[in-house]
file structure13.cif (mmCIF, C-alpha atoms)
data_start
#
loop_
_atom_site.group_PDB
_atom_site.id
_atom_site.type_symbol
_atom_site.label_atom_id
_atom_site.label_comp_id
_atom_site.auth_asym_id
_atom_site.auth_seq_id
_atom_site.Cartn_x
_atom_site.Cartn_y
_atom_site.Cartn_z
ATOM 1 C CA ASP A 1 98.981 82.549 125.991
ATOM 2 C CA VAL A 2 95.905 82.730 128.224
ATOM 3 C CA GLY A 3 96.843 86.193 129.469
ATOM 4 C CA GLU A 4 96.802 87.617 125.933
ATOM 5 C CA ILE A 5 93.432 86.007 125.221
ATOM 6 C CA ARG A 6 91.986 87.313 128.498
ATOM 7 C CA GLU A 7 93.251 90.775 127.598
ATOM 8 C CA GLY A 8 91.453 90.479 124.280
ATOM 9 C CA VAL A 9 88.218 89.568 126.025
ATOM 10 C CA GLU A 10 88.581 92.512 128.382
ATOM 11 C CA SER A 11 89.283 94.891 125.483
ATOM 12 C CA GLY A 12 85.872 93.983 124.059
ATOM 13 C CA ARG A 13 84.250 95.686 127.067
ATOM 14 C CA THR A 14 81.830 92.812 127.530
ATOM 15 C CA PRO A 15 79.139 93.657 130.144
ATOM 16 C CA SER A 16 79.593 91.971 133.526
ATOM 17 C CA LYS A 17 76.203 90.294 133.152
ATOM 18 C CA GLY A 18 76.984 88.865 129.727
ATOM 19 C CA VAL A 19 77.006 85.228 128.644
ATOM 20 C CA LEU A 20 80.114 83.532 127.228
ATOM 21 C CA LEU A 21 79.869 80.819 124.570
ATOM 22 C CA ASP A 22 83.057 78.755 124.248
ATOM 23 C CA VAL A 23 82.971 76.543 121.151
ATOM 24 C CA GLY A 24 85.226 73.498 121.339
ATOM 25 C CA ALA A 25 86.078 74.222 124.968
ATOM 26 C CA GLY A 26 88.198 71.122 125.614
ATOM 27 C CA GLU A 27 88.525 70.453 129.333
ATOM 28 C CA GLY A 28 87.608 74.043 130.175
ATOM 29 C CA GLU A 29 90.896 75.335 131.572
ATOM 30 C CA VAL A 30 91.017 78.315 129.215
ATOM 31 C CA THR A 31 87.255 78.800 129.582
ATOM 32 C CA THR A 32 87.750 79.278 133.313
ATOM 33 C CA GLN A 33 90.385 81.935 132.657
ATOM 34 C CA LEU A 34 88.112 83.730 130.199
ATOM 35 C CA VAL A 35 85.338 83.828 132.788
ATOM 36 C CA ARG A 36 87.693 85.432 135.283
ATOM 37 C CA GLY A 37 88.921 87.967 132.748
ATOM 38 C CA GLY A 38 85.516 88.877 131.351
ATOM 39 C CA SER A 39 83.360 88.729 134.507
ATOM 40 C CA PHE A 40 80.661 86.756 132.721
ATOM 41 C CA ALA A 41 77.458 85.899 134.542
ATOM 42 C CA SER A 42 76.979 82.578 132.716
ATOM 43 C CA VAL A 43 78.927 80.176 130.521
ATOM 44 C CA VAL A 44 77.777 77.864 127.720
ATOM 45 C CA ALA A 45 80.398 75.423 126.414
ATOM 46 C CA THR A 46 80.322 73.056 123.459
ATOM 47 C CA GLU A 47 82.581 70.073 122.913
ATOM 48 C CA ALA A 48 82.522 66.930 120.757
ATOM 49 C CA SER A 49 84.476 64.648 123.107
ATOM 50 C CA PRO A 50 82.394 62.849 125.803
ATOM 51 C CA PRO A 51 85.304 62.683 128.323
ATOM 52 C CA MET A 52 85.956 66.408 127.892
ATOM 53 C CA CYS A 53 82.241 67.131 128.290
ATOM 54 C CA ARG A 54 82.356 65.331 131.634
ATOM 55 C CA ALA A 55 85.301 67.502 132.652
ATOM 56 C CA LEU A 56 83.391 70.630 131.599
ATOM 57 C CA ARG A 57 80.320 69.621 133.604
ATOM 58 C CA ALA A 58 82.511 68.967 136.626
ATOM 59 C CA LYS A 59 83.609 72.616 136.468
ATOM 60 C CA GLY A 60 80.021 73.727 136.958
ATOM 61 C CA PHE A 61 79.423 75.675 133.744
ATOM 62 C CA ASP A 62 75.801 76.635 133.178
ATOM 63 C CA LEU A 63 75.337 74.475 130.079
ATOM 64 C CA VAL A 64 77.560 71.954 128.305
ATOM 65 C CA VAL A 65 76.461 70.899 124.812
ATOM 66 C CA GLU A 66 77.984 67.652 123.527
ATOM 67 C CA SER A 67 77.972 68.117 119.774
ATOM 68 C CA THR A 68 80.159 68.562 116.692
ATOM 69 C CA THR A 69 77.986 71.519 115.553
ATOM 70 C CA ILE A 70 76.485 74.652 117.073
ATOM 71 C CA ASP A 71 73.212 74.377 115.140
ATOM 72 C CA ASP A 72 71.042 74.073 118.265
ATOM 73 C CA VAL A 73 73.115 75.885 120.876
ATOM 74 C CA ALA A 74 70.872 78.972 121.094
ATOM 75 C CA ALA A 75 67.711 76.883 121.443
ATOM 76 C CA LEU A 76 69.331 74.626 124.038
ATOM 77 C CA ALA A 77 70.529 77.631 126.037
ATOM 78 C CA ARG A 78 67.016 79.089 126.082
ATOM 79 C CA GLU A 79 65.567 75.710 127.038
ATOM 80 C CA ALA A 80 68.067 75.435 129.918
ATOM 81 C CA ASN A 81 67.119 78.945 131.136
ATOM 82 C CA VAL A 82 70.752 80.080 131.142
ATOM 83 C CA ARG A 83 70.979 83.141 133.375
ATOM 84 C CA HIS A 84 71.152 86.533 131.658
ATOM 85 C CA LEU A 85 70.765 84.967 128.207
ATOM 86 C CA ARG A 86 69.205 87.425 125.788
ATOM 87 C CA PRO A 87 65.691 86.502 124.542
ATOM 88 C CA ASP A 88 67.040 86.011 121.022
ATOM 89 C CA GLY A 89 69.644 83.498 122.249
ATOM 90 C CA THR A 90 72.679 85.576 121.240
ATOM 91 C CA PHE A 91 75.852 85.918 123.301
ATOM 92 C CA GLU A 92 77.911 88.886 124.465
ATOM 93 C CA CYS A 93 81.133 86.958 123.830
ATOM 94 C CA VAL A 94 81.984 83.894 121.746
ATOM 95 C CA ALA A 95 85.361 82.112 121.924
ATOM 96 C CA LEU A 96 86.690 79.846 119.163
ATOM 97 C CA LEU A 97 90.201 78.903 120.207
ATOM 98 C CA ASN A 98 92.264 76.606 117.961
ATOM 99 C CA VAL A 99 89.187 74.947 116.502
ATOM 100 C CA LEU A 100 88.871 76.476 113.022
ATOM 101 C CA ASP A 101 91.652 74.301 111.550
ATOM 102 C CA ARG A 102 90.033 71.112 112.846
ATOM 103 C CA CYS A 103 86.420 71.589 111.743
ATOM 104 C CA ASP A 104 84.780 70.307 108.571
ATOM 105 C CA ALA A 105 83.057 73.541 107.528
ATOM 106 C CA PRO A 106 85.111 76.483 108.849
ATOM 107 C CA PHE A 107 83.520 79.279 106.812
ATOM 108 C CA THR A 108 80.030 78.064 107.651
ATOM 109 C CA LEU A 109 81.012 77.968 111.324
ATOM 110 C CA LEU A 110 82.236 81.585 111.214
ATOM 111 C CA THR A 111 78.972 82.666 109.599
ATOM 112 C CA GLN A 112 77.000 80.888 112.322
ATOM 113 C CA LEU A 113 79.102 82.488 115.059
ATOM 114 C CA ARG A 114 78.493 85.942 113.622
ATOM 115 C CA SER A 115 74.752 85.336 113.837
ATOM 116 C CA LEU A 116 75.150 84.283 117.493
ATOM 117 C CA LEU A 117 76.836 87.551 118.510
ATOM 118 C CA ALA A 118 74.683 89.999 120.446
ATOM 119 C CA PRO A 119 74.779 93.641 119.285
ATOM 120 C CA GLY A 120 78.202 94.954 120.264
ATOM 121 C CA GLY A 121 79.366 91.405 121.040
ATOM 122 C CA THR A 122 82.888 90.046 120.668
ATOM 123 C CA LEU A 123 84.306 86.979 118.924
ATOM 124 C CA VAL A 124 87.722 85.905 120.233
ATOM 125 C CA LEU A 125 89.315 83.711 117.565
ATOM 126 C CA ALA A 126 92.646 81.897 117.899
ATOM 127 C CA VAL A 127 94.120 80.193 114.821
ATOM 128 C CA VAL A 128 97.526 78.582 114.318
ATOM 129 C CA ILE A 129 99.515 80.185 111.482
ATOM 130 C CA PRO A 130 100.495 78.714 109.006
ATOM 131 C CA PHE A 131 97.000 77.268 108.562
ATOM 132 C CA ARG A 132 97.190 73.495 108.049
ATOM 133 C CA PRO A 133 93.700 72.082 108.509
ATOM 134 C CA PHE A 134 92.547 68.501 108.878
ATOM 135 C CA VAL A 135 89.538 66.723 110.340
ATOM 136 C CA GLU A 136 89.887 63.777 112.704
ATOM 137 C CA ASP A 137 87.736 60.975 111.308
ATOM 138 C CA GLY A 138 88.075 58.050 113.678
ATOM 139 C CA LYS A 139 91.753 57.123 113.671
ATOM 140 C CA THR A 140 92.468 58.858 110.383
ATOM 141 C CA HIS A 141 92.842 62.460 109.244
ATOM 142 C CA ARG A 142 91.199 63.893 106.140
ATOM 143 C CA PRO A 143 90.870 67.313 104.476
ATOM 144 C CA PRO A 144 87.894 69.460 105.574
ATOM 145 C CA ARG A 145 84.831 69.645 103.364
ATOM 146 C CA GLU A 146 85.221 73.431 103.123
ATOM 147 C CA ARG A 147 88.727 74.599 102.233
ATOM 148 C CA LEU A 148 89.739 78.133 103.121
ATOM 149 C CA PRO A 149 91.950 79.998 100.581
ATOM 150 C CA LEU A 150 94.986 80.116 102.864
ATOM 151 C CA PRO A 151 98.580 78.978 102.257
ATOM 152 C CA ARG A 152 100.031 76.050 104.186
ATOM 153 C CA ASP A 153 103.423 77.763 104.381
ATOM 154 C CA GLY A 154 104.854 81.267 104.567
ATOM 155 C CA SER A 155 105.352 83.916 107.216
ATOM 156 C CA TRP A 156 103.053 84.471 110.167
ATOM 157 C CA GLU A 157 102.409 88.052 109.065
ATOM 158 C CA ASP A 158 101.328 87.014 105.574
ATOM 159 C CA GLY A 159 99.179 84.179 106.909
ATOM 160 C CA ALA A 160 97.395 86.397 109.426
ATOM 161 C CA ASN A 161 96.773 89.089 106.814
ATOM 162 C CA ARG A 162 95.390 86.583 104.320
ATOM 163 C CA LEU A 163 93.152 85.072 107.002
ATOM 164 C CA TRP A 164 91.733 88.542 107.608
ATOM 165 C CA ARG A 165 91.343 89.607 103.958
ATOM 166 C CA LYS A 166 90.171 86.312 102.449
ATOM 167 C CA VAL A 167 88.143 84.780 105.288
ATOM 168 C CA LEU A 168 87.228 86.971 108.251
ATOM 169 C CA LYS A 169 86.339 90.167 106.378
ATOM 170 C CA PRO A 170 84.181 88.301 103.804
ATOM 171 C CA ALA A 171 82.482 86.510 106.729
ATOM 172 C CA GLY A 172 81.297 89.908 107.973
ATOM 173 C CA PHE A 173 83.668 90.828 110.795
ATOM 174 C CA THR A 174 85.595 93.893 111.899
ATOM 175 C CA CYS A 175 88.975 93.357 113.548
ATOM 176 C CA LYS A 176 89.457 95.311 116.762
ATOM 177 C CA ARG A 177 92.690 93.700 117.888
ATOM 178 C CA LEU A 178 95.268 91.154 116.722
ATOM 179 C CA ALA A 179 98.009 89.492 118.768
ATOM 180 C CA ARG A 180 100.675 86.891 118.045
ATOM 181 C CA THR A 181 100.876 84.388 120.900
ATOM 182 C CA PRO A 182 102.587 81.023 121.498
ATOM 183 C CA TYR A 183 100.410 77.918 121.434
ATOM 184 C CA ILE A 184 101.764 74.781 123.095
ATOM 185 C CA CYS A 185 100.077 71.703 121.688
ATOM 186 C CA GLU A 186 100.312 67.988 122.324
ATOM 187 C CA GLY A 187 103.315 66.261 120.789
ATOM 188 C CA ASP A 188 103.930 62.895 119.200
ATOM 189 C CA GLN A 189 106.504 60.095 119.297
ATOM 190 C CA ARG A 190 109.295 62.484 118.325
ATOM 191 C CA ASN A 191 108.497 65.435 120.573
ATOM 192 C CA ALA A 192 106.601 65.749 123.844
ATOM 193 C CA ALA A 193 105.090 69.049 122.729
ATOM 194 C CA TYR A 194 105.198 71.606 119.935
ATOM 195 C CA VAL A 195 105.237 75.389 120.275
ATOM 196 C CA LEU A 196 103.267 76.987 117.435
ATOM 197 C CA ASP A 197 102.275 80.566 116.606
ATOM 198 C CA ASP A 198 98.668 81.596 117.163
ATOM 199 C CA ALA A 199 96.950 84.595 115.643
ATOM 200 C CA VAL A 200 94.418 85.822 118.198
ATOM 201 C CA PHE A 201 91.782 88.096 116.654
ATOM 202 C CA VAL A 202 89.288 90.143 118.650
ATOM 203 C CA LEU A 203 86.381 90.613 116.242
ATOM 204 C CA SER A 204 82.948 92.177 116.110
ATOM 205 C CA ALA A 205 80.177 91.958 113.538
ATOM 206 C CA ALA A 206 80.753 94.513 110.773
ATOM 207 C CA SER A 207 78.156 97.059 109.800
ATOM 208 C CA GLY A 208 77.508 97.780 106.132
ATOM 209 C CA ALA A 209 79.858 100.761 106.237
ATOM 210 C CA GLU A 210 82.707 98.677 107.602
ATOM 211 C CA THR A 211 82.695 95.793 105.155
ATOM 212 C CA GLY A 212 84.848 97.619 102.606
ATOM 213 C CA ALA A 213 87.960 97.652 104.794
ATOM 214 C CA GLU A 214 90.771 95.578 103.287
ATOM 215 C CA SER A 215 93.216 95.447 106.186
ATOM 216 C CA VAL A 216 93.234 95.037 109.935
ATOM 217 C CA GLU A 217 91.932 98.159 111.704
ATOM 218 C CA ASP A 218 94.597 100.795 112.371
ATOM 219 C CA GLY A 219 96.094 100.342 115.828
ATOM 220 C CA ALA A 220 94.938 96.731 116.173
ATOM 221 C CA GLY A 221 98.572 95.717 116.607
ATOM 222 C CA ILE A 222 100.482 92.473 116.321
#
call {"tool": "encode", "arguments": {"input": "structure13.cif", "output": "structure tokens"}}
result
Amino acid sequence: DVGEIREGVESGRTPSKGVLLDVGAGEGEVTTQLVRGGSFASVVATEASPPMCRALRAKGFDLVVESTTIDDVAALAREANVRHLRPDGTFECVALLNVLDRCDAPFTLLTQLRSLLAPGGTLVLAVVIPFRPFVEDGKTHRPPRERLPLPRDGSWEDGANRLWRKVLKPAGFTCKRLARTPYICEGDQRNAAYVLDDAVFVLSAASGAETGAESVEDGAGI
């Protein structure tokens, strides 16, 4: 639900002159909503699909990076003179929405995103629970190179808690907010669409004193 995700962005109190990085932005429909909700001055979007990159550029975002990685996104943003970008190339808000279960190295990606957060910055992460990852390799699907220690079945509550304890906390994040939202995804020959359950986390980089927490912050909510 875009409204829930926008609310999460707003709860991060991102400055109005901040820069949003949307990783795996698709055609940019949700990106546009995030910009409206967060009052960002500039937007950098990454996407692997050439047709979707064309759609993103047509929306007028400040920079669109066509890539399967984010290795060079900070350098490219500095090179493009993205407005209000911090000198160190970090971002006030990063969005990773329904991408983690389709990437080859999910834990590495989370570590990279943490390093791209400006001080006090926010990571908005949406993940379908139960977590059933695969990587699209041409016309086939294969398991990711990095496998997260998460069950493929079970309750949403257990899956979200395990994602926090076994993945997000060890990656160096603090959870400020958690919401359960519907995610409507493309269907197949049997069904036109599927309605799945997303866990939407609003995260910040943990300080040394915060890394010992074992559960989602009190009051984060579901």
call {"tool": "resolve_selection", "arguments": {"input": "structure13.cif", "expression": "the PyMOL selection byres ((chain A and resi 123-135) around 8)", "output": "PDB file with C-alpha atoms, in the coordinates of the input"}}
result
ATOM      1  CA  ILE A   5      93.432  86.007 125.221  1.00  0.00           C
ATOM      2  CA  GLY A   8      91.453  90.479 124.280  1.00  0.00           C
ATOM      3  CA  VAL A   9      88.218  89.568 126.025  1.00  0.00           C
ATOM      4  CA  CYS A  93      81.133  86.958 123.830  1.00  0.00           C
ATOM      5  CA  VAL A  94      81.984  83.894 121.746  1.00  0.00           C
ATOM      6  CA  ALA A  95      85.361  82.112 121.924  1.00  0.00           C
ATOM      7  CA  LEU A  96      86.690  79.846 119.163  1.00  0.00           C
ATOM      8  CA  LEU A  97      90.201  78.903 120.207  1.00  0.00           C
ATOM      9  CA  ASN A  98      92.264  76.606 117.961  1.00  0.00           C
ATOM     10  CA  VAL A  99      89.187  74.947 116.502  1.00  0.00           C
ATOM     11  CA  LEU A 100      88.871  76.476 113.022  1.00  0.00           C
ATOM     12  CA  ASP A 101      91.652  74.301 111.550  1.00  0.00           C
ATOM     13  CA  ARG A 102      90.033  71.112 112.846  1.00  0.00           C
ATOM     14  CA  CYS A 103      86.420  71.589 111.743  1.00  0.00           C
ATOM     15  CA  ASP A 104      84.780  70.307 108.571  1.00  0.00           C
ATOM     16  CA  LEU A 113      79.102  82.488 115.059  1.00  0.00           C
ATOM     17  CA  ARG A 114      78.493  85.942 113.622  1.00  0.00           C
ATOM     18  CA  LEU A 117      76.836  87.551 118.510  1.00  0.00           C
ATOM     19  CA  GLY A 121      79.366  91.405 121.040  1.00  0.00           C
ATOM     20  CA  THR A 122      82.888  90.046 120.668  1.00  0.00           C
ATOM     21  CA  GLU A 136      89.887  63.777 112.704  1.00  0.00           C
ATOM     22  CA  ASP A 137      87.736  60.975 111.308  1.00  0.00           C
ATOM     23  CA  HIS A 141      92.842  62.460 109.244  1.00  0.00           C
ATOM     24  CA  ARG A 142      91.199  63.893 106.140  1.00  0.00           C
ATOM     25  CA  PRO A 143      90.870  67.313 104.476  1.00  0.00           C
ATOM     26  CA  PRO A 144      87.894  69.460 105.574  1.00  0.00           C
ATOM     27  CA  LEU A 150      94.986  80.116 102.864  1.00  0.00           C
ATOM     28  CA  PRO A 151      98.580  78.978 102.257  1.00  0.00           C
ATOM     29  CA  ARG A 152     100.031  76.050 104.186  1.00  0.00           C
ATOM     30  CA  ASP A 153     103.423  77.763 104.381  1.00  0.00           C
ATOM     31  CA  GLY A 154     104.854  81.267 104.567  1.00  0.00           C
ATOM     32  CA  SER A 155     105.352  83.916 107.216  1.00  0.00           C
ATOM     33  CA  TRP A 156     103.053  84.471 110.167  1.00  0.00           C
ATOM     34  CA  GLY A 159      99.179  84.179 106.909  1.00  0.00           C
ATOM     35  CA  ALA A 160      97.395  86.397 109.426  1.00  0.00           C
ATOM     36  CA  TYR A 183     100.410  77.918 121.434  1.00  0.00           C
ATOM     37  CA  LEU A 196     103.267  76.987 117.435  1.00  0.00           C
ATOM     38  CA  ASP A 197     102.275  80.566 116.606  1.00  0.00           C
ATOM     39  CA  ASP A 198      98.668  81.596 117.163  1.00  0.00           C
ATOM     40  CA  ALA A 199      96.950  84.595 115.643  1.00  0.00           C
ATOM     41  CA  VAL A 200      94.418  85.822 118.198  1.00  0.00           C
ATOM     42  CA  PHE A 201      91.782  88.096 116.654  1.00  0.00           C
ATOM     43  CA  VAL A 202      89.288  90.143 118.650  1.00  0.00           C
ATOM     44  CA  LEU A 203      86.381  90.613 116.242  1.00  0.00           C
ATOM     45  CA  SER A 204      82.948  92.177 116.110  1.00  0.00           C
TER      46      SER A 204
END
call {"tool": "closest_residue", "arguments": {"input": "structure13.cif", "among": "A:Gly24, A:Pro50, A:Gly38, A:Pro119", "to": "Ile70 (chain A)", "atoms": "only C-alpha atoms"}}
result
A:Gly24
call {"tool": "atom_distance", "arguments": {"input": "structure13.cif", "atom1": "CA of Leu168 (chain A)", "atom2": "CA of Leu116 (chain A)"}}
result
15.4 Å
call {"tool": "closest_residue", "arguments": {"input": "structure13.cif", "among": "A:Phe40, A:Leu20, A:Ala45, A:Leu56", "to": "Thr90 (chain A)", "atoms": "only C-alpha atoms"}}
result
A:Leu20
call {"tool": "atom_distance", "arguments": {"input": "structure13.cif", "atom1": "CA of Ala206 (chain A)", "atom2": "CA of Phe173 (chain A)"}}
result
4.7 Å
call {"tool": "atom_distance", "arguments": {"input": "structure13.cif", "atom1": "CA of Thr108 (chain A)", "atom2": "CA of Asp71 (chain A)"}}
result
10.8 Å
call {"tool": "resolve_selection", "arguments": {"input": "structure13.cif", "expression": "the PyMOL selection byres ((chain A and resi 55) around 12)", "output": "list of chain:residue names"}}
result
A:Ala25, A:Gly26, A:Glu27, A:Gly28, A:Glu29, A:Thr31, A:Ala45, A:Thr46, A:Glu47, A:Ser49, A:Pro50, A:Pro51, A:Met52, A:Cys53, A:Arg54, A:Leu56, A:Arg57, A:Ala58, A:Lys59, A:Gly60, A:Phe61, A:Val64, A:Glu66
call {"tool": "closest_residue", "arguments": {"input": "structure13.cif", "among": "A:Leu178, A:Arg83, A:Phe107, A:Cys185", "to": "Pro149 (chain A)", "atoms": "all atoms listed in the file"}}
result
A:Phe107
call {"tool": "closest_residue", "arguments": {"input": "structure13.cif", "among": "A:Gly172, A:Gly37, A:Gly18, A:Pro182", "to": "Leu85 (chain A)", "atoms": "all atoms listed in the file"}}
result
A:Gly18
call {"tool": "residues_around", "arguments": {"input": "structure13.cif", "residues": "Asn81 (chain A)", "least_positions_apart": "6", "cutoff": "12 Å", "atoms": "only C-alpha atoms", "output": "PyMOL selection string"}}
result
chain A and resi 19+42-44+62-63+74-75+87+89
call {"tool": "closest_residue", "arguments": {"input": "structure13.cif", "among": "A:Tyr194, A:Glu146, A:Val65, A:Trp164", "to": "Lys176 (chain A)", "atoms": "all atoms listed in the file"}}
result
A:Trp164
call {"tool": "axis_aligned_box", "arguments": {"input": "structure13.cif", "around": "region 155-164 of chain A", "padding_each_side": "8 Å", "output": "JSON"}}
result
{"center_x": 98.5, "center_y": 86.5, "center_z": 107.2, "size_x": 29.6, "size_y": 21.2, "size_z": 21.8}
call {"tool": "build_atoms", "arguments": {"input": "structure13.cif", "residues": "region 189-202 of chain A", "atoms": "N, CA and C atoms", "output": "PDB file, in the frame of the given file"}}
result
ATOM      1  N   GLN A 189     105.427  60.995 118.903  1.00  0.00           N
ATOM      2  CA  GLN A 189     106.504  60.095 119.297  1.00  0.00           C
ATOM      3  C   GLN A 189     107.874  60.763 119.252  1.00  0.00           C
ATOM      4  N   ARG A 190     108.007  61.811 118.456  1.00  0.00           N
ATOM      5  CA  ARG A 190     109.295  62.484 118.325  1.00  0.00           C
ATOM      6  C   ARG A 190     109.484  63.610 119.337  1.00  0.00           C
ATOM      7  N   ASN A 191     108.400  64.300 119.665  1.00  0.00           N
ATOM      8  CA  ASN A 191     108.497  65.435 120.573  1.00  0.00           C
ATOM      9  C   ASN A 191     107.338  65.405 121.569  1.00  0.00           C
ATOM     10  N   ALA A 192     107.640  65.751 122.812  1.00  0.00           N
ATOM     11  CA  ALA A 192     106.601  65.749 123.844  1.00  0.00           C
ATOM     12  C   ALA A 192     105.569  66.833 123.598  1.00  0.00           C
ATOM     13  N   ALA A 193     105.990  67.943 123.013  1.00  0.00           N
ATOM     14  CA  ALA A 193     105.090  69.049 122.729  1.00  0.00           C
ATOM     15  C   ALA A 193     105.665  69.895 121.600  1.00  0.00           C
ATOM     16  N   TYR A 194     104.788  70.680 120.974  1.00  0.00           N
ATOM     17  CA  TYR A 194     105.198  71.606 119.935  1.00  0.00           C
ATOM     18  C   TYR A 194     104.749  73.006 120.322  1.00  0.00           C
ATOM     19  N   VAL A 195     105.591  73.989 120.042  1.00  0.00           N
ATOM     20  CA  VAL A 195     105.237  75.389 120.275  1.00  0.00           C
ATOM     21  C   VAL A 195     104.951  76.028 118.916  1.00  0.00           C
ATOM     22  N   LEU A 196     103.705  76.407 118.698  1.00  0.00           N
ATOM     23  CA  LEU A 196     103.267  76.987 117.435  1.00  0.00           C
ATOM     24  C   LEU A 196     102.916  78.459 117.643  1.00  0.00           C
ATOM     25  N   ASP A 197     102.621  79.151 116.544  1.00  0.00           N
ATOM     26  CA  ASP A 197     102.275  80.566 116.606  1.00  0.00           C
ATOM     27  C   ASP A 197     100.794  80.760 116.325  1.00  0.00           C
ATOM     28  N   ASP A 198     100.075  81.273 117.321  1.00  0.00           N
ATOM     29  CA  ASP A 198      98.668  81.596 117.163  1.00  0.00           C
ATOM     30  C   ASP A 198      98.500  83.030 116.691  1.00  0.00           C
ATOM     31  N   ALA A 199      97.466  83.251 115.883  1.00  0.00           N
ATOM     32  CA  ALA A 199      96.950  84.595 115.643  1.00  0.00           C
ATOM     33  C   ALA A 199      95.660  84.703 116.430  1.00  0.00           C
ATOM     34  N   VAL A 200      95.612  85.622 117.383  1.00  0.00           N
ATOM     35  CA  VAL A 200      94.418  85.822 118.198  1.00  0.00           C
ATOM     36  C   VAL A 200      93.743  87.105 117.741  1.00  0.00           C
ATOM     37  N   PHE A 201      92.568  86.960 117.144  1.00  0.00           N
ATOM     38  CA  PHE A 201      91.782  88.096 116.654  1.00  0.00           C
ATOM     39  C   PHE A 201      90.668  88.402 117.642  1.00  0.00           C
ATOM     40  N   VAL A 202      90.470  89.682 117.922  1.00  0.00           N
ATOM     41  CA  VAL A 202      89.288  90.143 118.650  1.00  0.00           C
ATOM     42  C   VAL A 202      88.399  90.813 117.612  1.00  0.00           C
TER      43      VAL A 202
END
